[in-house]
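For reference, upload.txt is printed below; it contains compact mmCIF, C-alpha atoms and all ligand atoms.
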```txt
# COMPACT_ATOMS: atom_id res chain seq x y z
CA MET D 210 -11.58 12.83 10.17
CA ILE D 211 -8.93 11.44 7.84
CA ASN D 212 -7.07 13.95 5.66
CA VAL D 213 -4.95 12.61 2.84
CA LYS D 214 -2.65 15.23 1.34
CA ASN D 215 -0.62 14.81 -1.85
CA LEU D 216 -0.09 11.11 -1.26
CA SER D 217 2.07 9.14 -3.70
CA ILE D 218 2.83 5.45 -3.53
CA ARG D 219 5.11 3.42 -5.75
CA PHE D 220 6.34 -0.14 -5.77
CA ASP D 221 9.85 -0.22 -7.22
CA ASP D 222 9.50 1.86 -10.36
CA THR D 223 5.73 1.58 -10.70
CA LEU D 224 3.68 4.52 -9.52
CA ILE D 225 0.38 3.27 -8.05
CA LEU D 226 -1.13 6.44 -6.59
CA ASP D 227 0.02 9.82 -7.91
CA ASP D 228 -0.30 12.87 -5.67
CA ILE D 229 -3.81 12.22 -4.42
CA SER D 230 -5.72 14.15 -1.79
CA ALA D 231 -8.99 13.27 -0.06
CA ASP D 232 -10.98 13.98 3.09
CA ILE D 233 -12.84 11.18 4.81
CA LYS D 234 -15.28 12.86 7.14
CA LYS D 235 -16.39 11.56 10.52
CA ASN D 236 -19.56 9.59 11.12
CA ILE D 237 -20.57 9.10 7.52
CA ILE D 238 -20.27 6.19 5.11
CA THR D 239 -17.62 6.65 2.42
CA SER D 240 -17.45 4.25 -0.51
CA ILE D 241 -14.31 3.80 -2.56
CA ILE D 242 -14.70 2.55 -6.11
CA GLY D 243 -12.39 1.97 -9.05
CA LYS D 244 -11.34 -0.72 -11.48
CA SER D 245 -9.53 -3.81 -10.26
CA GLY D 246 -5.88 -2.92 -9.71
CA SER D 247 -6.58 0.81 -9.49
CA GLY D 248 -5.09 0.98 -5.99
CA LYS D 249 -8.10 0.90 -3.63
CA SER D 250 -6.57 -1.64 -1.26
CA VAL D 251 -3.17 0.07 -1.40
CA PHE D 252 -4.89 3.36 -0.50
CA ILE D 253 -6.67 1.80 2.48
CA LYS D 254 -3.62 -0.13 3.67
CA THR D 255 -1.63 3.10 3.65
CA ILE D 256 -4.29 4.85 5.72
CA MET D 257 -4.17 1.95 8.17
CA GLY D 258 -0.41 2.27 8.45
CA LEU D 259 0.25 -1.13 6.87
CA LEU D 260 2.05 0.43 3.89
CA LYS D 261 4.34 3.44 3.90
CA ALA D 262 3.74 6.42 1.63
CA ASN D 263 6.57 7.60 -0.62
CA SER D 264 5.42 11.17 -0.22
CA GLY D 265 2.51 13.12 1.15
CA GLU D 266 0.74 13.15 4.48
CA ILE D 267 -2.04 11.23 6.19
CA LEU D 268 -3.66 12.85 9.20
CA ILE D 269 -5.98 10.79 11.36
CA ASP D 270 -7.90 13.00 13.75
CA ASN D 271 -5.19 15.62 13.17
CA VAL D 272 -2.30 13.25 13.95
CA ASN D 273 0.21 12.81 11.13
CA ILE D 274 0.78 9.04 10.99
CA ASN D 275 3.95 9.23 8.88
CA ASN D 276 6.35 9.92 11.67
CA ILE D 277 4.94 8.86 14.98
CA PRO D 278 6.27 6.74 17.84
CA LYS D 279 5.18 3.08 17.90
CA LYS D 280 2.98 3.61 20.96
CA VAL D 281 0.96 6.38 19.28
CA ARG D 282 0.65 4.28 16.12
CA LYS D 283 -0.79 1.45 18.21
CA ASP D 284 -3.38 3.78 19.73
CA ILE D 285 -4.38 4.89 16.25
CA GLN D 286 -4.53 1.34 14.94
CA ILE D 287 -6.93 0.40 17.75
CA LYS D 288 -9.20 3.21 16.56
CA MET D 289 -9.31 1.59 13.10
CA SER D 290 -10.64 -1.81 12.27
CA MET D 291 -10.93 -3.80 9.09
CA VAL D 292 -13.29 -6.47 7.79
CA PHE D 293 -11.42 -8.41 5.12
CA GLN D 294 -13.03 -9.72 1.94
CA ASN D 295 -12.53 -13.38 2.89
CA SER D 296 -13.56 -12.67 6.53
CA ALA D 297 -10.06 -13.83 7.58
CA LEU D 298 -11.22 -15.73 10.66
CA PHE D 299 -8.78 -18.00 12.47
CA ASP D 300 -9.84 -21.49 11.34
CA SER D 301 -8.44 -23.23 14.39
CA LEU D 302 -10.31 -20.96 16.82
CA ASN D 303 -14.04 -21.12 17.57
CA VAL D 304 -16.37 -18.11 17.33
CA PHE D 305 -15.79 -17.03 20.95
CA GLN D 306 -12.02 -17.26 20.54
CA ASN D 307 -12.11 -15.37 17.24
CA VAL D 308 -14.30 -12.53 18.50
CA SER D 309 -12.60 -12.18 21.90
CA PHE D 310 -9.11 -12.24 20.36
CA PRO D 311 -8.64 -8.41 20.22
CA LEU D 312 -9.78 -8.08 23.85
CA TYR D 313 -7.22 -10.59 25.12
CA GLU D 314 -4.56 -8.92 22.94
CA HIS D 315 -5.23 -5.28 23.75
CA THR D 316 -7.21 -4.96 27.00
CA LYS D 317 -7.00 -6.00 30.62
CA LEU D 318 -10.65 -7.07 30.87
CA ASN D 319 -11.25 -10.20 32.94
CA ASP D 320 -12.88 -13.37 31.58
CA LYS D 321 -16.38 -12.44 32.82
CA GLU D 322 -16.20 -8.99 31.23
CA ILE D 323 -14.91 -10.50 28.00
CA ILE D 324 -17.73 -13.06 27.85
CA GLU D 325 -20.31 -10.29 28.38
CA LYS D 326 -18.75 -8.12 25.69
CA VAL D 327 -18.56 -10.99 23.20
CA ASN D 328 -22.22 -11.87 23.78
CA TYR D 329 -23.31 -8.25 23.46
CA THR D 330 -21.29 -7.77 20.27
CA LEU D 331 -22.62 -10.99 18.72
CA SER D 332 -26.16 -9.77 19.48
CA LEU D 333 -25.38 -6.60 17.49
CA VAL D 334 -24.70 -8.75 14.43
CA ASN D 335 -27.76 -10.92 15.14
CA LEU D 336 -25.89 -14.08 16.13
CA THR D 337 -26.64 -16.21 19.17
CA ASP D 338 -25.68 -19.66 20.43
CA ILE D 339 -22.65 -20.12 18.21
CA LEU D 340 -19.77 -19.46 20.63
CA GLU D 341 -18.38 -22.96 20.26
CA VAL D 342 -18.77 -23.27 16.50
CA TYR D 343 -15.68 -23.32 14.26
CA PRO D 344 -15.45 -21.20 11.07
CA SER D 345 -15.55 -24.27 8.81
CA ASP D 346 -19.11 -24.93 10.03
CA LEU D 347 -20.36 -21.39 9.33
CA SER D 348 -22.06 -20.15 6.14
CA GLY D 349 -20.48 -17.27 4.20
CA GLY D 350 -22.98 -14.80 5.67
CA MET D 351 -22.36 -16.01 9.23
CA LYS D 352 -18.59 -15.80 8.73
CA LYS D 353 -19.04 -12.21 7.62
CA ARG D 354 -21.08 -11.47 10.78
CA VAL D 355 -18.45 -13.04 13.03
CA ALA D 356 -15.72 -11.06 11.24
CA LEU D 357 -17.81 -7.93 11.72
CA ALA D 358 -18.26 -8.71 15.44
CA ARG D 359 -14.51 -9.15 15.82
CA ALA D 360 -13.91 -5.85 14.02
CA ILE D 361 -16.27 -3.83 16.22
CA ILE D 362 -15.61 -5.42 19.60
CA GLN D 363 -13.28 -2.61 20.63
CA GLU D 364 -15.71 0.00 19.33
CA PRO D 365 -13.38 1.52 16.74
CA ASP D 366 -13.88 5.05 15.43
CA TYR D 367 -13.22 3.90 11.87
CA ILE D 368 -14.29 0.64 10.27
CA ILE D 369 -13.11 -0.39 6.84
CA TYR D 370 -14.81 -3.06 4.75
CA ASP D 371 -13.06 -4.59 1.74
CA GLU D 372 -15.75 -5.91 -0.64
CA PRO D 373 -18.24 -6.83 2.12
CA THR D 374 -20.85 -8.38 -0.19
CA THR D 375 -18.68 -10.07 -2.81
CA GLY D 376 -19.37 -13.79 -3.10
CA LEU D 377 -22.66 -13.66 -1.18
CA ASP D 378 -26.09 -14.46 -2.65
CA PRO D 379 -28.31 -11.36 -3.14
CA ILE D 380 -30.46 -12.02 -0.04
CA THR D 381 -27.50 -12.51 2.28
CA ALA D 382 -25.76 -9.53 0.64
CA ASP D 383 -28.81 -7.42 1.44
CA GLU D 384 -28.74 -8.59 5.08
CA ILE D 385 -25.07 -7.61 5.34
CA ILE D 386 -25.81 -4.19 3.80
CA ASN D 387 -28.54 -3.61 6.42
CA LEU D 388 -26.21 -4.79 9.15
CA ILE D 389 -23.49 -2.38 8.04
CA LYS D 390 -26.08 0.42 8.16
CA ASP D 391 -27.32 -0.61 11.65
CA ILE D 392 -23.83 -1.00 13.10
CA HIS D 393 -22.80 2.33 11.59
CA ASN D 394 -25.73 4.05 13.28
CA THR D 395 -25.58 2.18 16.60
CA LEU D 396 -21.85 2.61 17.18
CA LYS D 397 -21.62 6.05 15.52
CA MET D 398 -18.50 5.18 13.55
CA SER D 399 -16.98 6.40 10.34
CA SER D 400 -17.40 3.60 7.83
CA ILE D 401 -15.29 3.16 4.70
CA ILE D 402 -16.35 0.58 2.14
CA ILE D 403 -14.38 -0.65 -0.85
CA THR D 404 -16.96 -2.11 -3.20
CA HIS D 405 -18.18 -2.54 -6.73
CA ASP D 406 -21.58 -3.89 -5.71
CA PRO D 407 -24.26 -1.50 -7.05
CA GLU D 408 -26.60 -2.26 -4.12
CA CYS D 409 -23.89 -1.52 -1.59
CA ILE D 410 -23.07 1.74 -3.33
CA LYS D 411 -26.69 2.86 -3.73
CA GLN D 412 -27.90 1.89 -0.27
CA LEU D 413 -24.94 2.98 1.84
CA THR D 414 -22.90 5.73 0.21
CA GLU D 415 -22.90 9.22 1.67
CA ASN D 416 -19.50 10.16 0.26
CA LEU D 417 -18.05 8.54 -2.86
CA ILE D 418 -14.40 8.41 -3.85
CA MET D 419 -13.39 7.08 -7.24
CA ILE D 420 -9.80 6.14 -8.10
CA ASP D 421 -8.75 5.81 -11.72
CA ASN D 422 -5.41 5.87 -13.46
CA LYS D 423 -3.46 6.66 -10.25
CA LYS D 424 -5.65 9.65 -9.38
CA ILE D 425 -8.81 10.39 -7.42
CA ILE D 426 -11.11 11.46 -10.24
CA PHE D 427 -14.16 12.11 -8.07
CA GLN D 428 -15.08 12.80 -4.47
CA GLY D 429 -18.61 13.82 -3.51
CA THR D 430 -22.20 12.66 -3.31
CA LEU D 431 -23.80 10.03 -5.55
CA ASN D 432 -26.03 12.75 -6.98
CA ASP D 433 -23.04 14.80 -8.09
CA PHE D 434 -21.35 11.66 -9.44
CA HIS D 435 -24.07 11.51 -12.10
CA GLN D 436 -22.82 14.77 -13.57
CA ILE D 437 -19.19 13.74 -14.05
CA ASP D 438 -17.88 13.68 -17.59
CA HIS D 439 -15.23 10.97 -17.55
CA PRO D 440 -15.27 7.70 -19.52
CA THR D 441 -14.44 5.33 -16.62
CA ALA D 442 -16.84 7.16 -14.30
CA LYS D 443 -19.58 6.93 -16.91
CA ALA D 444 -19.02 3.19 -17.22
CA PHE D 445 -19.40 2.87 -13.45
CA ILE D 446 -22.55 5.00 -13.45
CA ASN D 447 -24.08 2.70 -16.07
CA HIS D 448 -23.10 -0.33 -14.01
CA ILE D 449 -24.48 1.11 -10.74
CA PHE D 450 -27.76 2.54 -11.99
CA ASN D 451 -28.80 0.07 -14.68
N1 LIG D 501 2.93 -5.19 -2.04
C1 LIG D 501 2.89 -4.90 -3.34
N2 LIG D 501 4.02 -4.93 -4.10
C2 LIG D 501 3.99 -4.61 -5.40
N3 LIG D 501 2.88 -4.23 -6.08
C3 LIG D 501 1.73 -4.17 -5.37
C4 LIG D 501 1.67 -4.51 -3.99
N4 LIG D 501 0.39 -4.35 -3.57
C5 LIG D 501 -0.30 -3.94 -4.64
N5 LIG D 501 0.49 -3.83 -5.72
C6 LIG D 501 0.06 -3.37 -7.05
O1 LIG D 501 -0.61 -2.14 -6.88
C7 LIG D 501 -1.71 -2.02 -7.78
C8 LIG D 501 -2.97 -1.70 -7.02
O2 LIG D 501 -3.34 -2.84 -6.25
P1 LIG D 501 -4.60 -2.88 -5.30
O3 LIG D 501 -4.59 -4.19 -4.62
O4 LIG D 501 -4.60 -1.66 -4.43
O5 LIG D 501 -5.82 -2.79 -6.32
P2 LIG D 501 -7.37 -2.78 -6.02
O6 LIG D 501 -7.93 -1.53 -6.57
O7 LIG D 501 -7.58 -3.03 -4.55
O8 LIG D 501 -7.89 -4.00 -6.90
P3 LIG D 501 -9.05 -5.12 -6.62
O9 LIG D 501 -10.35 -4.46 -6.94
O10 LIG D 501 -8.71 -6.19 -7.59
O11 LIG D 501 -8.93 -5.55 -5.18
C9 LIG D 501 -1.76 -3.35 -8.56
O12 LIG D 501 -1.13 -3.15 -9.79
C10 LIG D 501 -0.98 -4.29 -7.69
O13 LIG D 501 -0.36 -5.27 -8.46
MG MG D 502 -8.42 -4.61 -3.45
```
Could you quickly redo this structure as structure tokens?
Ligand SMILES: Nc1ncnc2c1ncn2[C@@H]1O[C@H](COP(=O)(O)OP(=O)(O)OP(=O)(O)O)[C@@H](O)[C@H]1O
Ligand SMILES: [Mg+2]
Amino acid sequence: MINVKNLSIRFDDTLILDDISADIKKNIITSIIGKSGSGKSVFIKTIMGLLKANSGEILIDNVNINNIPKKVRKDIQIKMSMVFQNSALFDSLNVFQNVSFPLYEHTKLNDKEIIEKVNYTLSLVNLTDILEVYPSDLSGGMKKRVALARAIIQEPDYIIYDEPTTGLDPITADEIINLIKDIHNTLKMSSIIITHDPECIKQLTENLIMIDNKKIIFQGTLNDFHQIDHPTAKAFINHIFN
């Protein structure tokens, strides 16, 4: 469980998030929506410990990440994994090298164990026979699958997707949505998805968080979201359900 309490973030004199609180429960899929520039990525980066809060608290499984020793922060960061919008694969490394990278960095597994784990993880994302292929020879959908494999190879408790379907054709986007659902259920993780794709929101969301004008203006189920009386929220509802 992630508890965000009275979090504020500013860059120089500009306030980005103003005293926001939210609970991201375990084992469900949470979607985060909001206009471009509303602070979704800043929110997520702060949760991941990549940005520092100006005030407020973030508790990850009851550990306050604001003031913790480096070693504990590392343990927490291993629990959390991110799939970036552009997949962010290493172009000079092949698929095996990309996916095995976290294992060589963070574990003492031997080569045989690593090969087995990479093959198993690639099978979870429905990829086979591409260990030697370089990212430049992969389609957008395959890149996304490889990035997903790399993100789950250490079986994180939390996985965060930034715009997982943006830039993909509708069929491939649908495949990625189904994959996110399957992985979520197979690995029993907590999944957090930043998205503005109506299909992603409709098919995956169990808990919805909407950020607008520096505040969280809604947290709850999609059903309850329909009832909200707020101009930006209403615009999103029209976009999602029409
Ligand atoms: N490192 C930074 N330094 C200064 N300002 C920043 C920094 N990172 C983000 N911002 C500003 O914070 C605000 C929120 O940015 P953020 O990237 O979180 O938006 P977003 O909701 O993720 O948008 P998008 O949907 O376009 O990805 C923006 O005004 C952005 O310019
Ligand atoms: Mg963003």
Contacts to ligand LIG 501 (chain D) at 10 Å cut-off (all atoms listed in the file) as number ranges by chain: D: 218-226, 241-255, 260, 294, 371-372, 403-405, 420-421, 423
#### Entry: Spatial neighbours of stretch 376-382 of chain D, 10 Å, only C-alpha atoms, chain gap at least 5 places, as JSON, numbers by chain
{"D": [294, 295, 348, 349, 350, 351, 353, 387, 388, 406, 408, 409]}
* Please identify all polymer residues within 9 Å of D:Ile449, counting all atoms listed in the file, omitting same-chain residues fewer than 2 positions from it, and present them as a PyMOL selection string. => chain D and resi 405-408+410-411+444-447+451
Correct to one decimal, the distance atom CA of D:Ala231-atom CA of D:Ala442 is 17.4 Å
Restricting to all atoms listed in the file, whichever of D:Leu259, D:Ile426, D:Ile418, D:Ile402 is closest to D:Lys390 is D:Ile402
Using the file's own x, y and z axes, what box holds all listed atoms of stretch 231-250 of chain D with 3 Å on each side, keeping edges along x, y and z, and what are its centre and edge lengths in Å to one decimal, as lines of an AutoDock Vina configuration file?
```
center_x = -12.8
center_y = 5.1
center_z = -0.2
size_x = 21.5
size_y = 23.8
size_z = 28.6
```
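Of the listed residues (D:Thr430, D:Asn319, D:Ser240, D:Asn273), D:Asn273 comes nearest to D:Asn212; the distances count all atoms listed in the file.
Each of D:Ile211, D:Ile233, D:Leu298, D:Val342 was compared to D:Ile274 using only C-alpha atoms, and D:Ile211 turns out to be the nearest.
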message = So that I can check the surroundings of D:Gly258, please list as JSON, numbers by chain every protein, DNA and RNA residue that reaches within 9 Å of it, counting all atoms listed in the file and ignoring chain neighbours fewer than 6 positions away.
response = {"D": [274, 275, 282, 286]}
Worksheet entry | Residues near D:Asn335, cut-off 10 Å, all atoms listed in the file, skip fewer than 5 positions along chain, as a PyMOL selection string | chain D and resi 329-330+351+354-355+358+388
Using only C-alpha atoms, please write the residues we just selected to a file, as a compact mmCIF listing (two decimals), keeping the file's coordinate frame.
```txt
# COMPACT_ATOMS: atom_id res chain seq x y z
CA TYR D 329 -23.31 -8.25 23.46
CA THR D 330 -21.29 -7.77 20.27
CA MET D 351 -22.36 -16.01 9.23
CA ARG D 354 -21.08 -11.47 10.78
CA VAL D 355 -18.45 -13.04 13.03
CA ALA D 358 -18.26 -8.71 15.44
CA LEU D 388 -26.21 -4.79 9.15
```
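Proximity to ligand MG 502 (chain D) was assessed for D:Glu314, D:Asn394, D:Phe293, D:Ala360 counting only C-alpha atoms and all ligand atoms; the smallest distance is recorded for D:Phe293.
Considering only C-alpha atoms and all ligand atoms, the residue among D:Asn307, D:Pro373, D:Phe434, D:Leu302 positioned nearest to ligand MG 502 (chain D) is D:Pro373.
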Using all atoms listed in the file, the shortest atom-to-atom distance to D:Glu266 among D:Lys234, D:Lys214, D:His315, D:Lys280 belongs to D:Lys214
Around (-21.0, 11.0, 0.2) in the file's own coordinates, what residues are found within 9 Å if you use only C-alpha atoms, given back as a ChimeraX atom specification? /D:237-240,414-418,428-432
From atom CA of D:Ser217 to atom CA of D:Asn263 the spacing works out at 5.7 Å
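Between atom CA of D:Leu216 and atom CA of D:Asp232 the interatomic distance comes to 12.1 Å.
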